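For reference, structure09.json is printed below; it contains JSON, C-alpha atoms.
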```
[["chain", "number", "residue", "atom", "x", "y", "z"],
["A", 10, "MET", "CA", 109.68, 111.43, 101.73],
["A", 11, "VAL", "CA", 107.81, 111.47, 98.44],
["A", 12, "ILE", "CA", 104.19, 110.29, 98.30],
["A", 13, "HIS", "CA", 102.79, 109.83, 94.81],
["A", 14, "HIS", "CA", 99.14, 110.96, 94.70],
["A", 15, "PRO", "CA", 98.74, 111.54, 98.46],
["A", 16, "ASP", "CA", 94.95, 111.47, 98.14],
["A", 17, "LEU", "CA", 95.26, 107.81, 97.01],
["A", 18, "VAL", "CA", 97.60, 106.65, 99.80],
["A", 19, "ASN", "CA", 96.54, 105.58, 103.30],
["A", 20, "LEU", "CA", 99.18, 106.28, 105.96],
["A", 21, "TYR", "CA", 98.20, 106.42, 109.61],
["A", 22, "GLY", "CA", 100.19, 106.16, 112.83],
["A", 23, "CYS", "CA", 103.27, 104.89, 110.98],
["A", 24, "ARG", "CA", 106.82, 106.21, 110.58],
["A", 25, "VAL", "CA", 108.40, 106.71, 107.15],
["A", 26, "GLY", "CA", 112.07, 107.69, 106.89],
["A", 27, "ALA", "CA", 113.61, 110.52, 104.89],
["A", 28, "GLY", "CA", 114.13, 109.91, 101.20],
["A", 29, "SER", "CA", 111.58, 107.09, 100.98],
["A", 30, "ARG", "CA", 109.06, 106.98, 98.12],
["A", 31, "ILE", "CA", 105.51, 105.71, 98.56],
["A", 32, "GLY", "CA", 103.50, 104.71, 95.47],
["A", 33, "THR", "CA", 99.81, 105.11, 94.72],
["A", 34, "PHE", "CA", 97.22, 102.90, 96.47],
["A", 35, "VAL", "CA", 99.62, 101.93, 99.28],
["A", 36, "GLU", "CA", 98.41, 101.42, 102.85],
["A", 37, "ILE", "CA", 100.82, 101.60, 105.78],
["A", 38, "GLN", "CA", 99.12, 100.95, 109.10],
["A", 39, "LYS", "CA", 99.76, 102.22, 112.61],
["A", 40, "ASN", "CA", 102.99, 101.15, 114.30],
["A", 41, "ALA", "CA", 104.60, 100.10, 111.00],
["A", 42, "VAL", "CA", 108.08, 101.52, 110.39],
["A", 43, "ILE", "CA", 109.64, 102.26, 107.00],
["A", 44, "GLY", "CA", 113.33, 103.20, 107.01],
["A", 45, "ARG", "CA", 115.22, 105.80, 105.00],
["A", 46, "ASN", "CA", 115.57, 105.63, 101.21],
["A", 47, "CYS", "CA", 113.04, 102.86, 100.70],
["A", 48, "LYS", "CA", 110.74, 102.43, 97.72],
["A", 49, "VAL", "CA", 107.24, 101.08, 98.31],
["A", 50, "SER", "CA", 105.54, 100.45, 94.97],
["A", 51, "SER", "CA", 101.85, 100.87, 94.24],
["A", 52, "HIS", "CA", 99.10, 98.64, 95.64],
["A", 53, "SER", "CA", 101.25, 97.32, 98.52],
["A", 54, "PHE", "CA", 99.96, 96.71, 102.05],
["A", 55, "ILE", "CA", 102.23, 97.10, 105.08],
["A", 56, "CYS", "CA", 100.36, 96.21, 108.23],
["A", 57, "GLU", "CA", 100.88, 96.98, 111.88],
["A", 58, "GLY", "CA", 103.96, 95.26, 113.30],
["A", 59, "VAL", "CA", 106.08, 95.40, 110.14],
["A", 60, "THR", "CA", 109.50, 97.05, 110.36],
["A", 61, "ILE", "CA", 111.35, 97.77, 107.13],
["A", 62, "GLU", "CA", 114.93, 98.93, 107.49],
["A", 63, "ASP", "CA", 116.82, 101.39, 105.25],
["A", 64, "GLY", "CA", 117.21, 100.97, 101.49],
["A", 65, "VAL", "CA", 114.53, 98.30, 100.99],
["A", 66, "PHE", "CA", 112.61, 97.85, 97.73],
["A", 67, "ILE", "CA", 108.97, 96.71, 97.96],
["A", 68, "GLY", "CA", 107.49, 95.79, 94.56],
["A", 69, "HIS", "CA", 103.92, 96.32, 93.36],
["A", 70, "GLY", "CA", 101.15, 94.56, 95.26],
["A", 71, "VAL", "CA", 103.29, 93.14, 98.07],
["A", 72, "MET", "CA", 101.17, 91.97, 101.02],
["A", 73, "PHE", "CA", 102.39, 91.66, 104.60],
["A", 74, "THR", "CA", 100.35, 89.86, 107.27],
["A", 75, "ASN", "CA", 100.50, 90.13, 111.06],
["A", 76, "ASP", "CA", 98.19, 87.42, 112.39],
["A", 77, "PRO", "CA", 98.78, 83.69, 111.75],
["A", 78, "TYR", "CA", 95.18, 82.78, 112.69],
["A", 79, "PRO", "CA", 92.96, 85.70, 111.61],
["A", 80, "ARG", "CA", 89.31, 85.65, 112.55],
["A", 81, "ALA", "CA", 86.49, 88.12, 112.00],
["A", 82, "VAL", "CA", 84.50, 87.00, 115.05],
["A", 83, "ASN", "CA", 85.28, 85.47, 118.43],
["A", 84, "SER", "CA", 83.69, 82.34, 119.94],
["A", 85, "ASP", "CA", 80.63, 84.42, 120.94],
["A", 86, "GLY", "CA", 80.09, 85.51, 117.33],
["A", 87, "GLU", "CA", 81.08, 89.13, 118.11],
["A", 88, "LEU", "CA", 83.55, 91.03, 115.98],
["A", 89, "VAL", "CA", 87.12, 90.49, 117.21],
["A", 90, "SER", "CA", 88.46, 93.60, 118.96],
["A", 91, "ASP", "CA", 92.03, 94.85, 119.29],
["A", 92, "GLY", "CA", 92.48, 93.16, 122.68],
["A", 93, "GLU", "CA", 91.48, 89.71, 121.39],
["A", 94, "TRP", "CA", 94.45, 89.10, 119.13],
["A", 95, "GLU", "CA", 98.18, 89.77, 119.16],
["A", 96, "VAL", "CA", 100.22, 91.45, 116.42],
["A", 97, "VAL", "CA", 103.06, 89.17, 115.31],
["A", 98, "PRO", "CA", 105.97, 91.39, 114.16],
["A", 99, "THR", "CA", 107.92, 91.03, 110.89],
["A", 100, "LEU", "CA", 111.35, 92.49, 110.08],
["A", 101, "VAL", "CA", 112.76, 93.28, 106.64],
["A", 102, "LYS", "CA", 116.46, 94.05, 106.97],
["A", 103, "ARG", "CA", 118.40, 96.70, 105.08],
["A", 104, "GLN", "CA", 118.70, 96.63, 101.30],
["A", 105, "ALA", "CA", 116.40, 93.64, 100.83],
["A", 106, "ALA", "CA", 114.19, 93.53, 97.73],
["A", 107, "ILE", "CA", 110.71, 92.01, 97.61],
["A", 108, "GLY", "CA", 109.22, 91.34, 94.17],
["A", 109, "SER", "CA", 105.72, 92.18, 93.00],
["A", 110, "ASN", "CA", 102.78, 90.25, 94.42],
["A", 111, "ALA", "CA", 104.83, 88.49, 97.10],
["A", 112, "THR", "CA", 103.05, 87.60, 100.34],
["A", 113, "ILE", "CA", 104.98, 87.71, 103.62],
["A", 114, "LEU", "CA", 103.54, 85.69, 106.52],
["A", 115, "PRO", "CA", 103.84, 87.11, 110.05],
["A", 116, "GLY", "CA", 106.72, 86.67, 112.47],
["A", 117, "LEU", "CA", 109.46, 86.37, 109.85],
["A", 118, "THR", "CA", 112.78, 88.07, 109.20],
["A", 119, "ILE", "CA", 113.94, 88.79, 105.67],
["A", 120, "GLY", "CA", 117.72, 89.16, 105.79],
["A", 121, "VAL", "CA", 120.15, 91.85, 104.68],
["A", 122, "SER", "CA", 120.23, 92.21, 100.86],
["A", 123, "ALA", "CA", 117.92, 89.20, 100.45],
["A", 124, "VAL", "CA", 115.76, 88.99, 97.33],
["A", 125, "VAL", "CA", 112.19, 87.64, 97.35],
["A", 126, "GLY", "CA", 110.98, 86.69, 93.88],
["A", 127, "ALA", "CA", 107.76, 87.98, 92.39],
["A", 128, "GLY", "CA", 104.70, 86.02, 93.51],
["A", 129, "ALA", "CA", 106.55, 84.17, 96.28],
["A", 130, "VAL", "CA", 104.80, 83.21, 99.51],
["A", 131, "VAL", "CA", 107.34, 83.57, 102.29],
["A", 132, "THR", "CA", 106.62, 81.12, 105.12],
["A", 133, "LYS", "CA", 110.08, 80.95, 106.76],
["A", 134, "ASP", "CA", 112.89, 83.35, 107.61],
["A", 135, "VAL", "CA", 115.03, 84.36, 104.62],
["A", 136, "PRO", "CA", 118.79, 84.42, 105.34],
["A", 137, "ASP", "CA", 121.02, 87.37, 104.49],
["A", 138, "ARG", "CA", 121.69, 87.60, 100.72],
["A", 139, "ALA", "CA", 119.49, 84.61, 99.88],
["A", 140, "ILE", "CA", 117.29, 84.64, 96.79],
["A", 141, "VAL", "CA", 113.95, 82.91, 97.40],
["A", 142, "ALA", "CA", 111.13, 82.13, 94.99],
["A", 143, "GLY", "CA", 108.04, 79.96, 94.71],
["A", 144, "VAL", "CA", 105.09, 78.84, 96.81],
["A", 145, "PRO", "CA", 106.18, 78.26, 99.47],
["A", 146, "ALA", "CA", 109.35, 80.29, 98.92],
["A", 147, "LYS", "CA", 112.56, 78.29, 98.84],
["A", 148, "ILE", "CA", 116.18, 79.37, 98.45],
["A", 149, "VAL", "CA", 117.12, 79.32, 94.76],
["A", 150, "GLY", "CA", 120.39, 81.29, 94.87],
["A", 151, "ARG", "CA", 122.55, 83.86, 96.57],
["A", 152, "ALA", "CA", 122.61, 87.61, 95.93],
["A", 153, "GLN", "CA", 126.22, 88.62, 95.24],
["A", 154, "ASP", "CA", 127.77, 91.68, 96.74],
["A", 155, "ALA", "CA", 128.09, 94.43, 94.16],
["A", 156, "PRO", "CA", 129.87, 97.79, 94.18],
["A", 157, "ALA", "CA", 127.84, 100.59, 95.73],
["A", 158, "SER", "CA", 127.60, 102.26, 92.30],
["A", 159, "VAL", "CA", 125.45, 99.40, 90.97],
["A", 160, "PRO", "CA", 121.73, 99.98, 91.66],
["A", 161, "LEU", "CA", 120.28, 97.49, 94.15],
["A", 162, "SER", "CA", 117.75, 96.37, 91.53],
["A", 163, "ARG", "CA", 120.66, 94.93, 89.50],
["A", 164, "ARG", "CA", 122.38, 93.12, 92.37],
["A", 165, "VAL", "CA", 121.54, 89.46, 91.78]]
```

Using structure tokens, write down the structure from this file.
Amino acid sequence: MVIHHPDLVNLYGCRVGAGSRIGTFVEIQKNAVIGRNCKVSSHSFICEGVTIEDGVFIGHGVMFTNDPYPRAVNSDGELVSDGEWEVVPTLVKRQAAIGSNATILPGLTIGVSAVVGAGAVVTKDVPDRAIVAGVPAKIVGRAQDAPASVPLSRRV
């Protein structure tokens, strides 16, 4: 694993696989899992409950969420504690690519080799090899299989 500027990265209680690269100003929370040979670009946030499989690209400023109804306080006006809400897991399957500034809502699966366009807001599962873009993200194409010698970033 390579961490660029470790003093400017916040990793705690997570797992990061061998060969993965973590950019500056990234936060990966407890119980998040990053697979092998992934690239997580700067300013991205990977919250608790997110699992990213092997060979996934995460662009700059990608935001994952894990609570569909977040609240700061409960009905008594007290700060919400860990036991008062449930983490909703998200799965990003192998060799997917998520473009810069995309937002991924909780409880979704992004399929094998799927591509999420920059700035997209993903509100539904993304099928294997689908290309999605927009707000909310919609399927706009299909990622074609390419020889292994072609970098994933050029497989569209």

| field | Which of A:Glu95, A:Asp85, A:Asp16, A:Glu36 sits closest to Met72 in chain A [using all atoms listed in the file] | value |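 Of all the options, A:Glu36 lies closest to Met72 in chain A.
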
| said: Can you tell me which residues surround Ile113 in chain A at a distance of at most 10 Å, considering only C-alpha atoms, apart from same-chain residues fewer than 3 positions away, and format the answer as a PyMOL selection string? | reply: chain A and resi 55+71-75+99+107+110+116-119+125+129-134+146

| task | Give me, please, the distance in Å between CA of Gly108 in chain A and CA of Asp76 in chain A, quoted to one decimal. | result |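 Between CA of Gly108 in chain A and CA of Asp76 in chain A the gap works out to 21.7 Å.
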
| field | Exercise: Gly128 in chain A partners within 8 Å, only C-alpha atoms, chain neighbours under 5 positions left out, as a ChimeraX atom specification | value | /A:108-112,142-144

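Considering all atoms listed in the file, the residue among A:Gly70, A:Pro15, A:Pro77, A:Pro98 positioned nearest to Cys56 in chain A is A:Pro98.
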
| Which residue gives the smallest distance to Phe34 in chain A among A:Phe54, A:Ala152, A:Asn46, A:Val97, with all atoms listed in the file counted? | A:Phe54

| message | Report, in Å with one decimal, the straight-line distance from CA of Asp137 in chain A to CA of Pro115 in chain A. | response |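 We find that CA of Asp137 in chain A and CA of Pro115 in chain A lie 18.1 Å from each other.
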
| note | Min atom-atom distance to Ser50 in chain A from the set A:Gly150, A:Gly92, A:Gly86, A:Gly32, counting only C-alpha atoms, belongs to A:Gly32

| Between A:Cys47, A:His69, A:Glu57, A:Val124, which is the closest to Val35 in chain A once you count only C-alpha atoms? |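 Using only C-alpha atoms, the shortest distance to Val35 in chain A belongs to A:His69.
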
| remark: Between CA of Val42 in chain A and CA of Ala139 in chain A lies a distance of 22.9 Å

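Comparing the minimum interatomic distances between Arg103 in chain A and each of A:His14, A:Ser51, A:Ile140, A:Ala123, counting only C-alpha atoms, we find that A:Ala123 sits nearest.
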
| Residues within 9 Å of (112.7, 98.3, 99.0), file coords, all atoms listed in the file, listed as a PyMOL selection string | chain A and resi 46-50+61-68+103-107

| All residues 12 Å or closer to Arg80 in chain A, only C-alpha atoms, same chain fewer than 6 positions away omitted, as a PyMOL selection string | chain A and resi 86-91+93-95
